[in-house]
Amino acid sequence: MSGKQLVILSKAERLIVDLAPAIDRVPKHQRYRYGKRLEDGLWQLVHLIIQAAASNQKSKVYRVDEQVRFLHALVRHGAERRFLSPRRAGYAGNCLSEIGAMVGTWRKRL
């Protein structure tokens, strides 16, 4: 893994830690449907980054980009439904945008 992939990976892992309290506060009736999907999606992002960095295949980097877009949609949905506070959703959106920009640069280099 190169330095760039390690930065992306650490940002993704940091996002999981920072969103964990908000995910824990998702209302009980939505915890399984929304909270689990968001948490699983974040862990899937970490998994995909590791896979893409290990293989350095363009197709796997595209999968990371797709996952970032999916997580953006989940965060927006959580903000609209008030499962996430506007501040928390904004922070998550900014982190995902940073990760997406890094992935875009990574994709162009391949």
# chains A, B, ... in the order shown; residues from 1 in each chain; ligands from 1
$ residues_around --residues "segment 9-26 of chain A" --least-positions-apart "4" --cutoff "12 Å" --atoms "only C-alpha atoms" --output "PyMOL selection string"
chain A and resi 1-5+30-53+64+67-68+71+74-75+78-79+81-100+102-103
$ select_by_dssp --residues "chain A" --states "alpha helix (DSSP H)" --output "VMD selection string"
chain A and resid 3 to 24 28 to 30 36 to 55 58 to 80 86 to 109
$ write_last_selection --atoms "C-alpha atoms" --output "short mmCIF file (atom, residue, chain, number, x, y, z; two decimals), in the first residue's frame"
data_model
loop_
_atom_site.label_atom_id
_atom_site.label_comp_id
_atom_site.auth_asym_id
_atom_site.auth_seq_id
_atom_site.Cartn_x
_atom_site.Cartn_y
_atom_site.Cartn_z
CA GLY A 3 0.98 6.52 1.29
CA LYS A 4 -2.08 7.81 -0.59
CA GLN A 5 -4.06 4.62 0.02
CA LEU A 6 -3.10 4.70 3.70
CA VAL A 7 -4.46 8.25 4.01
CA ILE A 8 -7.73 7.21 2.35
CA LEU A 9 -7.95 4.16 4.61
CA SER A 10 -7.31 6.16 7.78
CA LYS A 11 -9.95 8.75 6.76
CA ALA A 12 -12.50 5.96 6.20
CA GLU A 13 -11.69 4.35 9.54
CA ARG A 14 -11.88 7.73 11.30
CA LEU A 15 -15.31 8.32 9.76
CA ILE A 16 -16.54 5.03 11.26
CA VAL A 17 -15.34 6.07 14.71
CA ASP A 18 -16.84 9.56 14.40
CA LEU A 19 -20.23 8.33 13.17
CA ALA A 20 -20.56 5.46 15.67
CA PRO A 21 -22.28 7.56 18.39
CA ALA A 22 -24.73 8.95 15.84
CA ILE A 23 -25.48 5.46 14.50
CA ASP A 24 -26.10 4.28 18.06
CA LYS A 28 -34.93 1.86 17.48
CA HIS A 29 -37.48 1.30 14.71
CA GLN A 30 -34.87 2.31 12.10
CA LYS A 36 -26.99 -1.25 10.15
CA ARG A 37 -26.92 -0.36 6.47
CA LEU A 38 -24.85 2.77 7.16
CA GLU A 39 -22.42 0.98 9.47
CA ASP A 40 -22.06 -1.98 7.10
CA GLY A 41 -21.54 0.44 4.20
CA LEU A 42 -18.73 2.20 6.04
CA TRP A 43 -17.00 -1.09 6.81
CA GLN A 44 -17.50 -2.16 3.20
CA LEU A 45 -15.73 1.05 2.13
CA VAL A 46 -12.73 0.11 4.29
CA HIS A 47 -12.75 -3.39 2.82
CA LEU A 48 -12.91 -2.10 -0.76
CA ILE A 49 -10.07 0.37 -0.16
CA ILE A 50 -7.87 -2.46 1.14
CA GLN A 51 -8.76 -4.65 -1.84
CA ALA A 52 -8.12 -1.87 -4.35
CA ALA A 53 -4.80 -0.92 -2.76
CA ALA A 54 -3.62 -4.53 -2.70
CA SER A 55 -4.53 -5.24 -6.33
CA LYS A 58 -8.76 0.19 -11.91
CA SER A 59 -12.02 -1.76 -11.61
CA LYS A 60 -11.57 -2.12 -7.86
CA VAL A 61 -10.86 1.59 -7.49
CA TYR A 62 -14.14 2.24 -9.36
CA ARG A 63 -15.91 0.04 -6.80
CA VAL A 64 -14.50 2.24 -4.01
CA ASP A 65 -15.89 5.29 -5.84
CA GLU A 66 -19.31 3.63 -6.16
CA GLN A 67 -19.33 2.87 -2.43
CA VAL A 68 -18.48 6.48 -1.59
CA ARG A 69 -21.44 7.64 -3.71
CA PHE A 70 -23.72 5.10 -2.00
CA LEU A 71 -22.63 6.33 1.43
CA HIS A 72 -23.27 9.93 0.37
CA ALA A 73 -26.83 8.92 -0.46
CA LEU A 74 -27.25 7.17 2.90
CA VAL A 75 -25.95 10.20 4.80
CA ARG A 76 -28.28 12.54 2.89
CA HIS A 77 -31.20 10.22 3.62
CA GLY A 78 -30.26 10.12 7.31
CA ALA A 79 -30.14 13.91 7.43
CA GLU A 80 -33.50 14.26 5.69
CA PRO A 86 -27.20 18.41 10.32
CA ARG A 87 -23.74 18.97 11.81
CA ARG A 88 -22.92 15.25 11.83
CA ALA A 89 -24.29 14.76 8.32
CA GLY A 90 -22.30 17.75 7.07
CA TYR A 91 -19.12 16.40 8.62
CA ALA A 92 -19.72 12.95 7.11
CA GLY A 93 -20.49 14.51 3.73
CA ASN A 94 -17.26 16.52 3.83
CA CYS A 95 -15.22 13.44 4.77
CA LEU A 96 -16.83 11.43 1.99
CA SER A 97 -16.13 14.25 -0.48
CA GLU A 98 -12.46 14.25 0.55
CA ILE A 99 -12.29 10.48 0.18
CA GLY A 100 -14.05 10.72 -3.19
CA ALA A 101 -11.57 13.33 -4.43
CA MET A 102 -8.67 11.13 -3.35
CA VAL A 103 -10.21 8.13 -5.08
CA GLY A 104 -10.69 10.21 -8.24
CA THR A 105 -7.01 11.16 -8.23
CA TRP A 106 -6.07 7.53 -7.59
CA ARG A 107 -8.26 6.39 -10.50
CA LYS A 108 -6.67 8.90 -12.89
CA ARG A 109 -3.18 7.70 -11.96
#
